[in-house]
Structure formats: C-alpha cells, structure tokens
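Below is one structure, written out as structure tokens; the observations come after it.
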Amino acid sequence: DYYRERMTLPKKNLSFAETQHPYLRAWRTYTELEEPTPDEMVLRARAAYWGMVEAFDAMIGQILDALYANGLAENTLIVYTSDHGDMVGEHGLWWKHVFYEESVRVPLIMHWPEAIAAGQRCDCPISAVDVTATMLDALGAPALPNSDGRSFLGLVSDRRPTPDWADVAFSEYCADQYTPGGSAAERQPQDDTPPTCFQRMVRQNIDGAAWKLIYYHGDEPQLFNLSNDPDELHDLAQSPAHQAVRQQLTARVLDGWDPDEIAQIMAAKRAENKVLAAWARHTHPVDNYRWDLRPEMNRLEDFDPSAIE
C-alpha cells in the first residue's frame, strides 16, 4: 500500500494495434501482451518494482554506512549500475528484450570521495564494457585483452587526463529464433522460443541532437531523435527527410559487425541444441546449473519502507 498509493500508470501505454514494428508485435504475442493489461495489475506490478528498487537502495546505504564506520569509504570505489532496465508497462511492454530507453538505459553512479568529486554529472554515452575498463584503470591494472571497453576515469576524475571520448555507444542482443519478414504466422516464435532477431543499437550525437537507431537484421530499423522525442513515440526510419541520418547510423552499426555470419553460427548451434534437447527429454538429467528461482525468494519480509528517512 505504501507504494501503491504513489504509483501512476505508464505514460506510454500503447495498445497492440498501435505497436507497428513486426518484431515488437511478435514479442507482444509471445509474452501474451496483445490484450490490455488491467490497470490494477499494472499498478501492482509497477509498485512492486519501485518497492524493490527502494529496498535495494536502502541496502546500498547500509554498505556505505559500514564503509564510513570503518574508515574505508574515502578510498573505496563503488559503482552502482545494472545490465538492463525494465519496460514496466511503457509502450505496452514488460521486462527487457527491446531497445527502448526504459530497457537499455541504466543508472551509473560512482562513489569514490578520494578521487571523484561529488555532484558531477557526465552526459557522455557510456557502455557497460567501459565500466570494467574504468575499474581496472582505477586499480592501475592492465586492460583486458580483446576488450573494446574504454576507461572514462578521466571524464570524472583529475587522476587521469580527459580522454578524447567518442560520442557514440552500442548495445546488441542475439538469441533464437525469429523469422523476419513474411506473413504474420512466419513471424511467430518457433518451438516455444522467444521471437528474437539479431539486434544492434547505436546512439550518437549528430549536429547537436541525440539519435538512436535500432537495427533488426531482416526487418526495418527504428530511428528516434531522442532530443526532440525522448519518449520514442515517433519512428523516423521511413521519413524521407531523415534518410541521411538513417544511412549514417546503419553504417556505424554494421562496421565490424556481420549479422549474416552471426546467423550462420546461430543456425549451427540450433541444430546442436535440438540434439541436446531431445537427449534431455528422454534422460531427464539433473540440472545443477540453472538457478532454482521461486516467487517467494523475491519477498523481503523484514523490509519496512516507512523506516527510510
């Protein structure tokens, strides 16, 4: 109830009919989001998500309190970030698997009083691979071999020179199986697997505006001007006036990234996985690797949000 009374419905609650891109329609079909989700269910789920975030923030506070109490905070680097966000009903979607900002843009908060001044805000696009490179740089350790990560320590600390930072960030997602193009039936997931194509996103500033292109191999891309359209409601990929931007960003996406080669690798793995799946169905091997996740594991029985100052 504490969170429920403060919760609002999604700002961009698009219906299935309003969802135009074929991959997003296939994803909504797979996740059973074709029909509108009742408001009460949406509010309850969003309240649970925000409650979880606040509980996690309180736990981070406990870690900080312990560091300060033991005189370790000044020279301890803390990085608060995540591998993905959640759509929580925006655009009529839930979970991740898409490249809208709610899913792909995540917090990145750093705390290191000895080296990073408090209250800074860096507007440069940062990728998750850059976080690892930055932490290694802060330790004075060598960079990882074969990693594209760049240290951004010089952007937030005077311990390093300010780097010549490329104003671009990439993200990509690849899994099985989705058939782009063709009829609606062909777009549906096969063998009960999620509808997934090879996606790659590039975000880059062009002429003072933040642009984002989402590339779907075999389908049309999506193109958004985040400066003018932060809610990503106006896909400009088919706009004649924006074809130069589309071509420029598509070239950036495909530079050093070969989706046809990825498709060949995935096809080979698909054949191997079918053999393994048939073996598992007949032998029922003990699963020692998958997490045993149960709904009750999400409960924080002793967490009292009203106790947070």
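Letters A, B, ... mark the chains of the structure tokens in the order given; residue numbers begin at 1 per chain; ligand numbers begin at 1, in order shown.
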Sort by chain and increasing residue number a table of all residues of range 109-140 of chain A within 9 Å of range 158-170 of chain A, each with its closest pair of atoms and their distance in Å to one decimal, counting only C-alpha atoms, and write it as a tab-separated table.
```
residue	atom	partner	partner_atom	distance
A:Ala115	CA	A:Arg159	CA	6.9
A:Ile116	CA	A:Asp158	CA	7.9
A:Cys124	CA	A:Asp167	CA	6.5
A:Pro125	CA	A:Ala169	CA	5.7
A:Ile126	CA	A:Ala169	CA	6.2
A:Ser127	CA	A:Ala169	CA	6.0
A:Ala138	CA	A:Arg159	CA	8.8
```
Excluding same-chain residues fewer than 3 positions from range 76-82 of chain A, what lies within 10 Å of it counting only C-alpha atoms, as an mmCIF file with N, CA and C atoms, in the first residue's frame?
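Result file follows (out_26.cif):
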```cif
data_model
loop_
_atom_site.group_PDB
_atom_site.id
_atom_site.type_symbol
_atom_site.label_atom_id
_atom_site.label_comp_id
_atom_site.auth_asym_id
_atom_site.auth_seq_id
_atom_site.Cartn_x
_atom_site.Cartn_y
_atom_site.Cartn_z
ATOM 1 N N ASP A 57 18.154 0.237 -2.738
ATOM 2 C CA ASP A 57 18.847 1.474 -2.380
ATOM 3 C C ASP A 57 19.161 1.510 -0.888
ATOM 4 N N ILE A 60 22.161 -0.618 -0.232
ATOM 5 C CA ILE A 60 23.386 0.080 -0.626
ATOM 6 C C ILE A 60 23.777 1.081 0.462
ATOM 7 N N ILE A 63 25.655 -0.588 3.179
ATOM 8 C CA ILE A 63 27.055 -0.838 2.809
ATOM 9 C C ILE A 63 27.880 0.435 2.988
ATOM 10 N N LEU A 64 27.337 1.570 2.534
ATOM 11 C CA LEU A 64 28.048 2.836 2.691
ATOM 12 C C LEU A 64 28.259 3.175 4.161
ATOM 13 N N LEU A 67 31.134 1.171 5.454
ATOM 14 C CA LEU A 67 32.421 1.660 4.962
ATOM 15 C C LEU A 67 32.865 2.907 5.715
ATOM 16 N N TYR A 68 31.938 3.841 5.916
ATOM 17 C CA TYR A 68 32.292 5.057 6.653
ATOM 18 C C TYR A 68 32.611 4.742 8.111
ATOM 19 N N GLY A 71 36.137 3.568 8.341
ATOM 20 C CA GLY A 71 37.171 4.402 7.765
ATOM 21 C C GLY A 71 37.650 3.961 6.397
ATOM 22 N N LEU A 72 36.787 3.280 5.642
ATOM 23 C CA LEU A 72 37.190 2.740 4.344
ATOM 24 C C LEU A 72 36.551 3.464 3.160
ATOM 25 N N ALA A 73 35.654 4.393 3.424
ATOM 26 C CA ALA A 73 34.861 4.973 2.341
ATOM 27 C C ALA A 73 35.675 5.857 1.408
ATOM 28 N N GLY A 85 17.362 -2.399 -17.806
ATOM 29 C CA GLY A 85 16.249 -1.873 -17.045
ATOM 30 C C GLY A 85 15.023 -2.750 -17.232
ATOM 31 N N VAL A 104 17.134 -0.255 -22.016
ATOM 32 C CA VAL A 104 18.563 -0.263 -22.350
ATOM 33 C C VAL A 104 19.363 0.807 -21.605
ATOM 34 N N ARG A 105 18.717 1.845 -21.119
ATOM 35 C CA ARG A 105 19.443 2.903 -20.410
ATOM 36 C C ARG A 105 19.371 2.630 -18.912
ATOM 37 N N VAL A 106 20.523 2.591 -18.263
ATOM 38 C CA VAL A 106 20.575 2.172 -16.859
ATOM 39 C C VAL A 106 21.335 3.202 -16.029
ATOM 40 N N PRO A 107 21.151 3.173 -14.704
ATOM 41 C CA PRO A 107 21.919 4.085 -13.843
ATOM 42 C C PRO A 107 23.406 3.748 -13.873
ATOM 43 N N LEU A 108 24.227 4.759 -13.696
ATOM 44 C CA LEU A 108 25.661 4.572 -13.490
ATOM 45 C C LEU A 108 26.097 5.643 -12.492
ATOM 46 N N ILE A 109 26.172 5.248 -11.230
ATOM 47 C CA ILE A 109 26.515 6.161 -10.139
ATOM 48 C C ILE A 109 27.827 5.688 -9.525
ATOM 49 N N MET A 110 28.778 6.603 -9.402
ATOM 50 C CA MET A 110 30.094 6.254 -8.864
ATOM 51 C C MET A 110 30.352 7.047 -7.583
ATOM 52 N N HIS A 111 30.962 6.375 -6.606
ATOM 53 C CA HIS A 111 31.270 6.994 -5.309
ATOM 54 C C HIS A 111 32.701 6.631 -4.938
ATOM 55 N N TRP A 112 33.547 7.645 -4.915
ATOM 56 C CA TRP A 112 34.964 7.456 -4.571
ATOM 57 C C TRP A 112 35.478 8.814 -4.100
ATOM 58 N N PRO A 113 35.190 9.181 -2.863
ATOM 59 C CA PRO A 113 35.482 10.537 -2.384
ATOM 60 C C PRO A 113 36.921 10.982 -2.589
ATOM 61 N N GLU A 114 37.854 10.069 -2.514
ATOM 62 C CA GLU A 114 39.259 10.434 -2.640
ATOM 63 C C GLU A 114 39.633 10.865 -4.056
ATOM 64 N N ALA A 115 38.870 10.421 -5.049
ATOM 65 C CA ALA A 115 39.261 10.670 -6.437
ATOM 66 C C ALA A 115 38.181 11.307 -7.297
ATOM 67 N N ILE A 116 36.909 11.168 -6.923
ATOM 68 C CA ILE A 116 35.812 11.681 -7.745
ATOM 69 C C ILE A 116 35.010 12.690 -6.931
ATOM 70 N N ALA A 128 28.441 -0.595 -21.007
ATOM 71 C CA ALA A 128 28.795 -1.445 -19.871
ATOM 72 C C ALA A 128 30.240 -1.925 -19.953
ATOM 73 N N VAL A 131 32.671 0.264 -18.182
ATOM 74 C CA VAL A 131 32.729 0.232 -16.718
ATOM 75 C C VAL A 131 33.872 -0.662 -16.255
ATOM 76 N N MET A 135 37.176 0.545 -14.074
ATOM 77 C CA MET A 135 37.538 -0.004 -12.767
ATOM 78 C C MET A 135 38.964 -0.556 -12.781
ATOM 79 N N ALA A 138 41.260 2.387 -12.645
ATOM 80 C CA ALA A 138 41.316 2.959 -11.299
ATOM 81 C C ALA A 138 42.244 2.158 -10.386
ATOM 82 N N LEU A 139 42.315 0.861 -10.611
ATOM 83 C CA LEU A 139 43.194 -0.008 -9.823
ATOM 84 C C LEU A 139 44.637 0.024 -10.302
#
```
Apply DSSP to the backbone of this structure and, from range 16-130 of chain A, keep only the residues in strand (DSSP E or B); write these as an NGL selection string. :A and (78-81 or 108-111)
Could you write those residues out with N, CA and C atoms, as a compact mmCIF listing (two decimals), in the first residue's frame?
```
# COMPACT_ATOMS: atom_id res chain seq x y z
N ILE A 78 32.91 2.66 -5.44
CA ILE A 78 31.63 1.97 -5.54
C ILE A 78 30.98 2.35 -6.87
N VAL A 79 30.56 1.37 -7.63
CA VAL A 79 29.89 1.61 -8.90
C VAL A 79 28.50 0.97 -8.83
N TYR A 80 27.49 1.78 -8.97
CA TYR A 80 26.10 1.33 -8.92
C TYR A 80 25.57 1.37 -10.35
N THR A 81 25.28 0.19 -10.90
CA THR A 81 24.77 0.14 -12.27
C THR A 81 23.99 -1.16 -12.45
N LEU A 108 24.23 4.76 -13.70
CA LEU A 108 25.66 4.57 -13.49
C LEU A 108 26.10 5.64 -12.49
N ILE A 109 26.17 5.25 -11.23
CA ILE A 109 26.52 6.16 -10.14
C ILE A 109 27.83 5.69 -9.53
N MET A 110 28.78 6.60 -9.40
CA MET A 110 30.09 6.25 -8.86
C MET A 110 30.35 7.05 -7.58
N HIS A 111 30.96 6.37 -6.61
CA HIS A 111 31.27 6.99 -5.31
C HIS A 111 32.70 6.63 -4.94
```
Proximity to His84 in chain A - best of A:Met52, A:Ala69, A:Val98, A:Val42, only C-alpha atoms: A:Val98
Near Arg46 in chain A, within 8 Å and counting only C-alpha atoms, which residues show up once chain neighbours fewer than 6 positions away are dropped, as a ChimeraX atom specification? /A:7,88-89
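Interatomic distance, CA of Leu276 in chain A to CA of Pro259 in chain A: 25.1 Å.
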Spatial neighbours of Asn228 in chain A, 12 Å, only C-alpha atoms, chain gap at least 2 places, as a ChimeraX atom specification: /A:208-212,224-226,230-236
N, CA and C atoms of the current selection, written as a compact mmCIF listing (two decimals), in the first residue's frame:
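Saved to again16.txt:
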```txt
# COMPACT_ATOMS: atom_id res chain seq x y z
N GLY A 208 24.34 18.14 -32.88
CA GLY A 208 23.79 18.61 -31.61
C GLY A 208 22.58 17.86 -31.10
N ALA A 209 22.11 16.86 -31.83
CA ALA A 209 20.94 16.08 -31.41
C ALA A 209 21.35 14.64 -31.11
N ALA A 210 20.69 14.05 -30.11
CA ALA A 210 20.97 12.66 -29.75
C ALA A 210 20.07 11.75 -30.58
N TRP A 211 20.69 10.92 -31.41
CA TRP A 211 19.96 10.00 -32.29
C TRP A 211 20.19 8.56 -31.84
N LYS A 212 19.18 7.74 -32.08
CA LYS A 212 19.31 6.31 -31.79
C LYS A 212 18.70 5.51 -32.93
N PHE A 224 15.09 7.16 -33.85
CA PHE A 224 14.50 8.14 -32.95
C PHE A 224 15.45 9.31 -32.71
N ASN A 225 14.88 10.50 -32.70
CA ASN A 225 15.60 11.70 -32.28
C ASN A 225 15.30 11.89 -30.80
N LEU A 226 16.20 11.46 -29.95
CA LEU A 226 15.95 11.48 -28.51
C LEU A 226 15.90 12.89 -27.95
N PRO A 230 12.07 12.24 -26.55
CA PRO A 230 12.65 11.35 -25.52
C PRO A 230 11.78 10.15 -25.19
N ASP A 231 10.48 10.23 -25.48
CA ASP A 231 9.58 9.10 -25.21
C ASP A 231 9.57 8.07 -26.33
N GLU A 232 10.28 8.34 -27.42
CA GLU A 232 10.41 7.40 -28.55
C GLU A 232 9.04 6.99 -29.11
N LEU A 233 8.25 7.99 -29.39
CA LEU A 233 6.92 7.75 -29.95
C LEU A 233 6.86 7.96 -31.46
N HIS A 234 7.90 8.56 -32.03
CA HIS A 234 7.88 8.90 -33.45
C HIS A 234 9.08 8.25 -34.15
N ASP A 235 8.82 7.11 -34.78
CA ASP A 235 9.86 6.39 -35.52
C ASP A 235 10.09 7.10 -36.85
N LEU A 236 11.31 7.59 -37.07
CA LEU A 236 11.63 8.37 -38.27
C LEU A 236 12.35 7.56 -39.32
```
Report, in Å to a single decimal, how far apart CA of Glu261 in chain A and CA of Ser147 in chain A are.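 One can read the CA of Ser147 in chain A to CA of Glu261 in chain A distance as 20.1 Å.
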List every residue of range 126-252 of chain A that DSSP, applied to the backbone, labels as helix (DSSP H, G or I), and write the result as a ChimeraX atom specification. /A:128-139,153-156,185-187,240-252
CA of Gly51 in chain A and CA of Trp94 in chain A are how many Å apart?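 If I compute the distance from CA of Gly51 in chain A to CA of Trp94 in chain A, I get 16.7 Å.
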